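Let me begin by presenting the structure, written as C-alpha cells, before commenting on it.
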Amino acid sequence: MSDSILIAGPCAAESKEQLLKTASQLAVSLALSGRKLDYFRTGVWKPRSQPKEFKGAGKKALDWLKQVQAIYGFTVCVEVAKPEHLDLCERAGIKSVWIGSRTVVNPFVVQELADAVRGRDFTVMVKNPIIPDLKLWIGSIERFMNAGVTNLLAIHRGFAQQNENIFRYSPIWEIPIELKVHFPDIPLLCDPSHIAGDKIYLQQLSQIALDFGFNGLMIETHCTPLDALSDSKQQITPGELITLLDSLTFKSSITSPAEDDLRKQRTMIANLDEQISQLLAKRMSIVDIIGKIKNENNLPLVQPQQFNKVVKTYIDNGLRDENYSQFIEKFLELMHQSSIQRQKKV
Ligand code: PEP
Ligand code: MN
C-alpha cells in the first residue's frame with residue numbers, strides 16, 4: 001500500500017482493557033502483514049446525538065492511551081471539540097487530534113480551536129462538516145492554516161442526507177474531490193466506516209476512495225466489535241482489517257495528471273452506474289407490486305396519463321437537452337414496455 005496513510009482503532013475509548021487489547025491485536029496483525037499504522041484513533045469524548053448514548057470514557061482514557069503510545073509505539077489521535085480537550089491531550093503527550101463532523105459545522109468553535117492550537121505542535125485532521133457544504137470544510141481548514149498548523153489532513157466521512165438509502169451517510173464524492181482540487185497538498189483520507197454504518201460496505205467504499213486517488217483510510221477497528229458501546233455494526237477486528245487491506249488495490253501515486261483525471265471520472269461513472277442499477281432494480285420491484293394491485297382490482301394495465309407523468313419528471317429534471325431527448329425518449333419507451341411485460345406476467 002506504499003505511501004497510503006492508515007488510521008485504525010476503536011470508535012470510542014471504553015476501557016483500558018479494550019484499548020490495550022485492540023492495540024496489541026493491531027500491532028501483531030499489521031506486523032505479520034508487513035504494514036504500518038500511521039495513527040491509532042479513538043474517541044475519548046464522543047459527540048452523540050442523544051444524551052443517553054455512550055459518551056466515551058472521558059479524560060481518564062488519556063492515561064490508557066499514553067500506555068498505547070508507550071507500549072506499541074503508535075501515534076494516538078483523538079477527537080477534540082473544546083480548547084480544554086487540547087490541553088488535556090497535550091498533558092498526556094497526545095499531539096494528533098481530529099475535529100469531528102458535528103464540530104466543523106460551527107465556525108465559532110472551529111476558530112476557538114484554531115486559536116488554541118496556534119504556536120503548539122499539533123497534527124490536525126479536519127473531518128467534513130456533517131452537512132454537504134464544501135465552503136464550510138474549506139473554511140475550517142483555512143482557519144487552522146491561518147493559525148500556523150502545517151501538519152493538516154482532511155477526512156471524508158460522508159454527509160447527512162434525508163434520502164440516503166444504502167449507506168448511513170451519503171458519500172457525495174464530488175465534494176471531497178473538489179476539496180482535493182482546492183488543497184492538492186493536504187492529504188485527503190476516507191473514513192468508510194462512518195459513511196457505511198455497516199462493515200459490509202467497507203471494501204466497496206474504500207476501493208472507490210482509492211480509485212479517486214484518496215491518500216489513505218481511517219477505519220474503525222475494535223477487538224470485539226459486537227461488544228462495542230458505539231458504532232458496533234461498522235467496526236471490524238484487526239484481523240478483518242488486514243483481510244480488507246489485502247483485498248484493496250492501492251494505486252501508485254505516480255501517474256500523469258491526464259491519467260489521474262481519467263481515473264477519477266471513470267470512478268465517478270462506475271459509482272453512478274451502481275446507483276442507477278440499484279434504483280432500477282428497486283423501480284422494477286415496485287412495478288411488480290403495482291401489477292399485482294391492478295390485477296387484484298381489475299384495473300387497466302396501461303394508464304397513459306401515468307406514463308405522461310413519468311416523461312414529465314425526466315423533462316423537468318433537465319433531460320430535455322437536445323442531445324439527450326432522443327436517448328431519453330427511447331429509454332422511457334423501453335422502461336415502459338418492460339414494465340408492461342412484467343405486469344402482464346403478474
Ligand atoms: C468518529 O470518528 O468516531 C466520529 C464521531 O466522527 P464523525 O465526526 O465523523 O462522526
Ligand atoms: Mn464511530
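By convention here, the chains of the C-alpha cells are called A, B, ... in the order presented, each chain's residues are numbered starting at 1, and ligands are numbered starting at 1 in the order presented.
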- [ ] Identify, with DSSP run on backbone atoms, the residues in range 64-278 of chain A assigned to helix (DSSP H, G or I), and express the list as JSON, numbers by chain.
- [x] {"A": [64, 65, 66, 67, 68, 69, 70, 71, 72, 83, 84, 85, 86, 87, 88, 89, 90, 91, 107, 108, 109, 110, 111, 112, 113, 114, 115, 116, 117, 134, 135, 136, 137, 138, 139, 140, 141, 142, 143, 144, 145, 146, 174, 175, 176, 177, 178, 179, 180, 181, 182, 192, 193, 194, 195, 196, 199, 200, 201, 202, 203, 204, 205, 206, 207, 208, 209, 210, 211, 225, 226, 227, 232, 233, 234, 238, 239, 240, 241, 242, 243, 244, 245, 246, 247, 257, 258, 259, 260, 261, 262, 263, 264, 265, 266, 267, 268, 269, 270, 271, 272, 273, 274, 275, 276, 277, 278]}
TODO: Would you list the residues that come within 9 Å of ligand 1? Count only C-alpha atoms and all ligand atoms and give the answer as a PyMOL selection string.
DONE: chain A and resi 10-12+41-43+45-48+78-79+98-104+127-130+155-158+191+193-195+218-220+230-231
Selected residues, N, CA, C and O atoms, written as a short mmCIF file (atom, residue, chain, number, x, y, z; two decimals), in the first residue's frame, please.
```
data_model
loop_
_atom_site.label_atom_id
_atom_site.label_comp_id
_atom_site.auth_asym_id
_atom_site.auth_seq_id
_atom_site.Cartn_x
_atom_site.Cartn_y
_atom_site.Cartn_z
N PRO A 10 -10.55 1.88 17.73
CA PRO A 10 -11.99 1.83 18.03
C PRO A 10 -12.70 3.17 17.91
O PRO A 10 -12.09 4.22 18.06
N CYS A 11 -13.99 3.08 17.71
CA CYS A 11 -14.83 4.28 17.66
C CYS A 11 -14.62 5.05 18.96
O CYS A 11 -14.27 6.21 18.94
N ALA A 12 -14.82 4.35 20.09
CA ALA A 12 -14.74 5.03 21.38
C ALA A 12 -13.79 4.31 22.33
O ALA A 12 -13.63 3.09 22.26
N ARG A 41 -6.51 5.56 16.34
CA ARG A 41 -7.59 6.50 16.63
C ARG A 41 -8.50 6.01 17.75
O ARG A 41 -8.67 4.81 17.94
N THR A 42 -9.08 6.91 18.48
CA THR A 42 -10.23 6.57 19.32
C THR A 42 -10.90 7.85 19.82
O THR A 42 -10.27 8.91 19.90
N GLY A 43 -12.18 7.73 20.14
CA GLY A 43 -12.92 8.88 20.66
C GLY A 43 -12.97 8.82 22.18
O GLY A 43 -13.49 7.86 22.76
N TRP A 45 -14.00 11.65 23.98
CA TRP A 45 -15.24 12.39 24.22
C TRP A 45 -16.07 12.23 22.95
O TRP A 45 -15.70 12.74 21.89
N LYS A 46 -17.17 11.50 23.04
CA LYS A 46 -17.96 11.23 21.83
C LYS A 46 -19.14 12.18 21.70
O LYS A 46 -19.94 12.31 22.64
N PRO A 47 -19.28 12.82 20.53
CA PRO A 47 -20.44 13.69 20.32
C PRO A 47 -21.63 12.85 19.90
O PRO A 47 -21.80 12.52 18.74
N ARG A 48 -22.47 12.45 20.83
CA ARG A 48 -23.58 11.57 20.49
C ARG A 48 -24.86 12.36 20.25
O ARG A 48 -25.06 13.41 20.84
N VAL A 78 -7.08 11.61 18.76
CA VAL A 78 -8.42 11.61 19.35
C VAL A 78 -9.21 12.82 18.84
O VAL A 78 -8.63 13.77 18.32
N GLU A 79 -10.52 12.75 19.02
CA GLU A 79 -11.36 13.89 18.62
C GLU A 79 -11.37 14.95 19.71
O GLU A 79 -11.52 14.63 20.89
N TRP A 98 -8.37 15.10 15.84
CA TRP A 98 -9.25 15.42 14.71
C TRP A 98 -10.43 16.24 15.19
O TRP A 98 -10.82 16.18 16.35
N ILE A 99 -10.95 17.03 14.24
CA ILE A 99 -12.12 17.85 14.52
C ILE A 99 -13.30 17.11 13.88
O ILE A 99 -13.29 16.84 12.68
N GLY A 100 -14.30 16.76 14.68
CA GLY A 100 -15.40 15.93 14.21
C GLY A 100 -16.39 16.69 13.32
O GLY A 100 -16.43 17.93 13.31
N SER A 101 -17.17 15.92 12.60
CA SER A 101 -18.08 16.49 11.60
C SER A 101 -19.16 17.39 12.21
O SER A 101 -19.69 18.27 11.56
N ARG A 102 -19.49 17.15 13.50
CA ARG A 102 -20.51 17.98 14.13
C ARG A 102 -19.91 19.27 14.64
O ARG A 102 -20.62 20.26 14.86
N THR A 103 -18.59 19.27 14.85
CA THR A 103 -17.92 20.49 15.31
C THR A 103 -17.59 21.40 14.12
O THR A 103 -17.70 22.63 14.22
N VAL A 104 -17.22 20.78 13.00
CA VAL A 104 -16.79 21.56 11.83
C VAL A 104 -17.91 22.46 11.29
O VAL A 104 -17.65 23.44 10.61
N LYS A 127 -12.41 16.72 9.69
CA LYS A 127 -13.45 15.92 9.01
C LYS A 127 -14.38 16.86 8.24
O LYS A 127 -14.43 18.06 8.52
N ASN A 128 -15.10 16.30 7.29
CA ASN A 128 -16.05 17.16 6.58
C ASN A 128 -17.20 17.51 7.52
O ASN A 128 -17.52 16.75 8.43
N PRO A 129 -17.80 18.70 7.29
CA PRO A 129 -18.99 19.03 8.10
C PRO A 129 -20.08 18.01 7.79
O PRO A 129 -20.16 17.50 6.68
N ILE A 130 -20.93 17.74 8.77
CA ILE A 130 -21.94 16.68 8.59
C ILE A 130 -22.97 17.06 7.51
O ILE A 130 -23.59 16.18 6.91
N ILE A 155 -10.45 14.60 6.27
CA ILE A 155 -11.07 13.26 6.31
C ILE A 155 -12.52 13.33 5.84
O ILE A 155 -13.33 14.09 6.38
N HIS A 156 -12.80 12.50 4.83
CA HIS A 156 -14.15 12.43 4.27
C HIS A 156 -14.92 11.33 5.00
O HIS A 156 -14.52 10.16 4.94
N ARG A 157 -16.03 11.70 5.67
CA ARG A 157 -16.80 10.72 6.46
C ARG A 157 -18.26 10.69 6.05
O ARG A 157 -19.10 10.13 6.74
N GLY A 158 -18.59 11.31 4.90
CA GLY A 158 -19.96 11.28 4.42
C GLY A 158 -20.81 12.38 5.01
O GLY A 158 -20.44 13.02 6.00
N ASP A 191 -12.99 7.93 5.48
CA ASP A 191 -13.43 7.18 6.65
C ASP A 191 -14.67 6.39 6.19
O ASP A 191 -15.79 6.86 6.33
N SER A 193 -15.96 3.81 7.38
CA SER A 193 -16.74 3.24 8.48
C SER A 193 -17.98 4.09 8.76
O SER A 193 -19.09 3.57 8.89
N HIS A 194 -17.76 5.42 8.86
CA HIS A 194 -18.91 6.28 9.18
C HIS A 194 -19.82 6.48 7.98
O HIS A 194 -21.02 6.69 8.15
N ILE A 195 -19.27 6.45 6.76
CA ILE A 195 -20.14 6.55 5.58
C ILE A 195 -21.05 5.32 5.56
O ILE A 195 -22.27 5.43 5.45
N MET A 218 -9.23 5.86 7.16
CA MET A 218 -9.43 5.79 8.61
C MET A 218 -10.51 4.74 8.82
O MET A 218 -11.64 4.91 8.34
N ILE A 219 -10.17 3.65 9.52
CA ILE A 219 -11.14 2.56 9.64
C ILE A 219 -11.32 2.17 11.11
O ILE A 219 -10.35 1.89 11.83
N GLU A 220 -12.58 2.16 11.54
CA GLU A 220 -12.85 1.83 12.94
C GLU A 220 -12.60 0.35 13.19
O GLU A 220 -13.18 -0.52 12.53
N SER A 230 -20.43 1.78 20.93
CA SER A 230 -20.92 2.71 19.90
C SER A 230 -20.49 2.16 18.54
O SER A 230 -19.47 1.48 18.43
N ASP A 231 -21.28 2.46 17.52
CA ASP A 231 -20.97 2.07 16.13
C ASP A 231 -20.55 0.60 15.98
O ASP A 231 -19.61 0.29 15.23
#
```
TODO: Identify which of the residues A:Ala92, A:Ile5, A:Val105, A:Ala13 lies closest to ligand 2, counting only C-alpha atoms and all ligand atoms when measuring atom-to-atom distances.
DONE: A:Ala13
Task: Shell around Glu274 in chain A at 12 Å using only C-alpha atoms, local window under 4 positions removed, as a count of residues only - done: 12
Open item on the list: Residues within 9 Å of Lys16 in chain A, please, as an MDAnalysis selection string. Count only C-alpha atoms; anything in the same chain fewer than 3 positions from it doesn't count.
Closed with: chainID A and resid 13 19:21 61 63:65
Would you write out those residues with N, CA and C atoms, as a compact mmCIF listing (two decimals), in the first residue's frame?
```txt
# COMPACT_ATOMS: atom_id res chain seq x y z
N ALA A 13 -13.19 5.10 23.22
CA ALA A 13 -12.41 4.52 24.31
C ALA A 13 -13.41 4.05 25.36
N LEU A 19 -8.82 -0.93 24.95
CA LEU A 19 -7.85 -0.17 24.15
C LEU A 19 -6.56 -0.97 23.98
N LEU A 20 -6.08 -1.56 25.10
CA LEU A 20 -4.80 -2.27 25.01
C LEU A 20 -4.94 -3.54 24.17
N LYS A 21 -6.07 -4.21 24.29
CA LYS A 21 -6.28 -5.44 23.51
C LYS A 21 -6.36 -5.10 22.01
N ALA A 61 -9.37 8.14 30.02
CA ALA A 61 -8.89 7.32 28.89
C ALA A 61 -7.55 7.83 28.36
N ASP A 63 -4.91 8.44 30.01
CA ASP A 63 -3.84 7.65 30.64
C ASP A 63 -3.69 6.31 29.95
N TRP A 64 -4.81 5.69 29.59
CA TRP A 64 -4.76 4.41 28.88
C TRP A 64 -4.07 4.60 27.53
N LEU A 65 -4.38 5.72 26.87
CA LEU A 65 -3.81 5.98 25.55
C LEU A 65 -2.31 6.27 25.63
```
Open item on the list: What's around Leu86 in chain A at 10 Å? Count only C-alpha atoms, leave out sequence neighbours fewer than 5 positions away in its own chain, and write the answer as a PyMOL selection string.
Closed with: chain A and resi 78-81+91-92+94-97+113+116-117+120+122
- [ ] Write down as JSON, numbers by chain the residues of range 74-322 of chain A whose backbone DSSP state falls under strand (DSSP E or B).
- [x] {"A": [76, 77, 78, 79, 96, 97, 98, 99, 123, 124, 125, 126, 127, 152, 153, 154, 155, 156, 159, 170, 188, 189, 190, 216, 217, 218, 219, 220, 221, 236]}
All residues 12 Å or closer to range 306-313 of chain A, only C-alpha atoms, same chain fewer than 6 positions away omitted, as a CSV table (one decimal) with N, CA and C atoms, in the first residue's frame:
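The resulting out-v3.csv:
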```
chain,number,residue,atom,x,y,z
A,300,PRO,N,-57.1,-1.3,-15.4
A,300,PRO,CA,-56.5,-1.4,-16.7
A,300,PRO,C,-54.9,-1.4,-16.5
A,319,LEU,N,-33.6,16.9,-18.4
A,319,LEU,CA,-33.2,16.0,-19.5
A,319,LEU,C,-33.8,16.3,-20.9
A,320,ARG,N,-34.3,17.6,-21.0
A,320,ARG,CA,-34.9,18.0,-22.2
A,320,ARG,C,-33.9,18.4,-23.2
A,325,SER,N,-32.6,14.2,-25.7
A,325,SER,CA,-34.0,14.0,-25.8
A,325,SER,C,-34.3,12.6,-26.5
A,328,ILE,N,-33.5,9.8,-24.1
A,328,ILE,CA,-34.5,9.7,-23.0
A,328,ILE,C,-35.8,9.1,-23.6
A,329,GLU,N,-36.2,9.5,-24.8
A,329,GLU,CA,-37.4,9.0,-25.4
A,329,GLU,C,-37.3,7.5,-25.5
A,330,LYS,N,-36.2,7.0,-26.0
A,330,LYS,CA,-36.0,5.6,-26.2
A,330,LYS,C,-36.0,4.8,-24.9
A,331,PHE,N,-35.2,5.4,-24.0
A,331,PHE,CA,-35.1,4.8,-22.7
A,331,PHE,C,-36.4,4.7,-22.0
A,332,LEU,N,-37.2,5.7,-22.0
A,332,LEU,CA,-38.5,5.7,-21.3
A,332,LEU,C,-39.5,4.7,-22.0
A,333,GLU,N,-39.4,4.6,-23.3
A,333,GLU,CA,-40.2,3.7,-24.1
A,333,GLU,C,-39.9,2.3,-23.6
A,335,MET,N,-38.4,1.3,-20.9
A,335,MET,CA,-38.7,1.1,-19.5
A,335,MET,C,-40.2,0.8,-19.4
A,336,HIS,N,-41.0,1.6,-20.1
A,336,HIS,CA,-42.4,1.4,-20.1
A,336,HIS,C,-42.9,0.0,-20.6
A,337,GLN,N,-42.3,-0.3,-21.8
A,337,GLN,CA,-42.6,-1.7,-22.3
A,337,GLN,C,-42.2,-2.8,-21.3
A,339,SER,N,-42.0,-2.6,-18.2
A,339,SER,CA,-42.9,-2.6,-17.0
A,339,SER,C,-44.2,-3.3,-17.4
A,340,ILE,N,-44.7,-3.0,-18.6
A,340,ILE,CA,-46.0,-3.7,-19.0
A,340,ILE,C,-45.8,-5.2,-19.1
```
Task: Pick from A:Trp173, A:Phe54, A:Tyr314, A:Phe214, whichever lies nearest to ligand 2 using only C-alpha atoms and all ligand atoms - done: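 Closest to ligand 2 of all the choices is A:Phe54.
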Open item on the list: Residues within 7 Å of Ser29 in chain A, please, as a list of chain:residue names. Count only C-alpha atoms; anything in the same chain fewer than 2 positions from it doesn't count.
Closed with: A:Gln25, A:Leu26, A:Ala27, A:Ala31, A:Leu32, A:Ser33, A:Pro238, A:Gly239, A:Ile242
Task: Which of A:Ser24, A:Gln265, A:Thr221, A:Asn317 sits closest to ligand 2 [using only C-alpha atoms and all ligand atoms] - done: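 Checking each candidate against ligand 2, we get A:Thr221 as the closest.
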Task: Coordinates-based distance that separates CA of Pro187 in chain A from CA of Asn215 in chain A (Å, one decimal) - done: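 Separation of CA of Asn215 in chain A and CA of Pro187 in chain A: 5.6 Å.
The space between CA of Arg143 in chain A and CA of Asn106 in chain A spans 11.9 Å.
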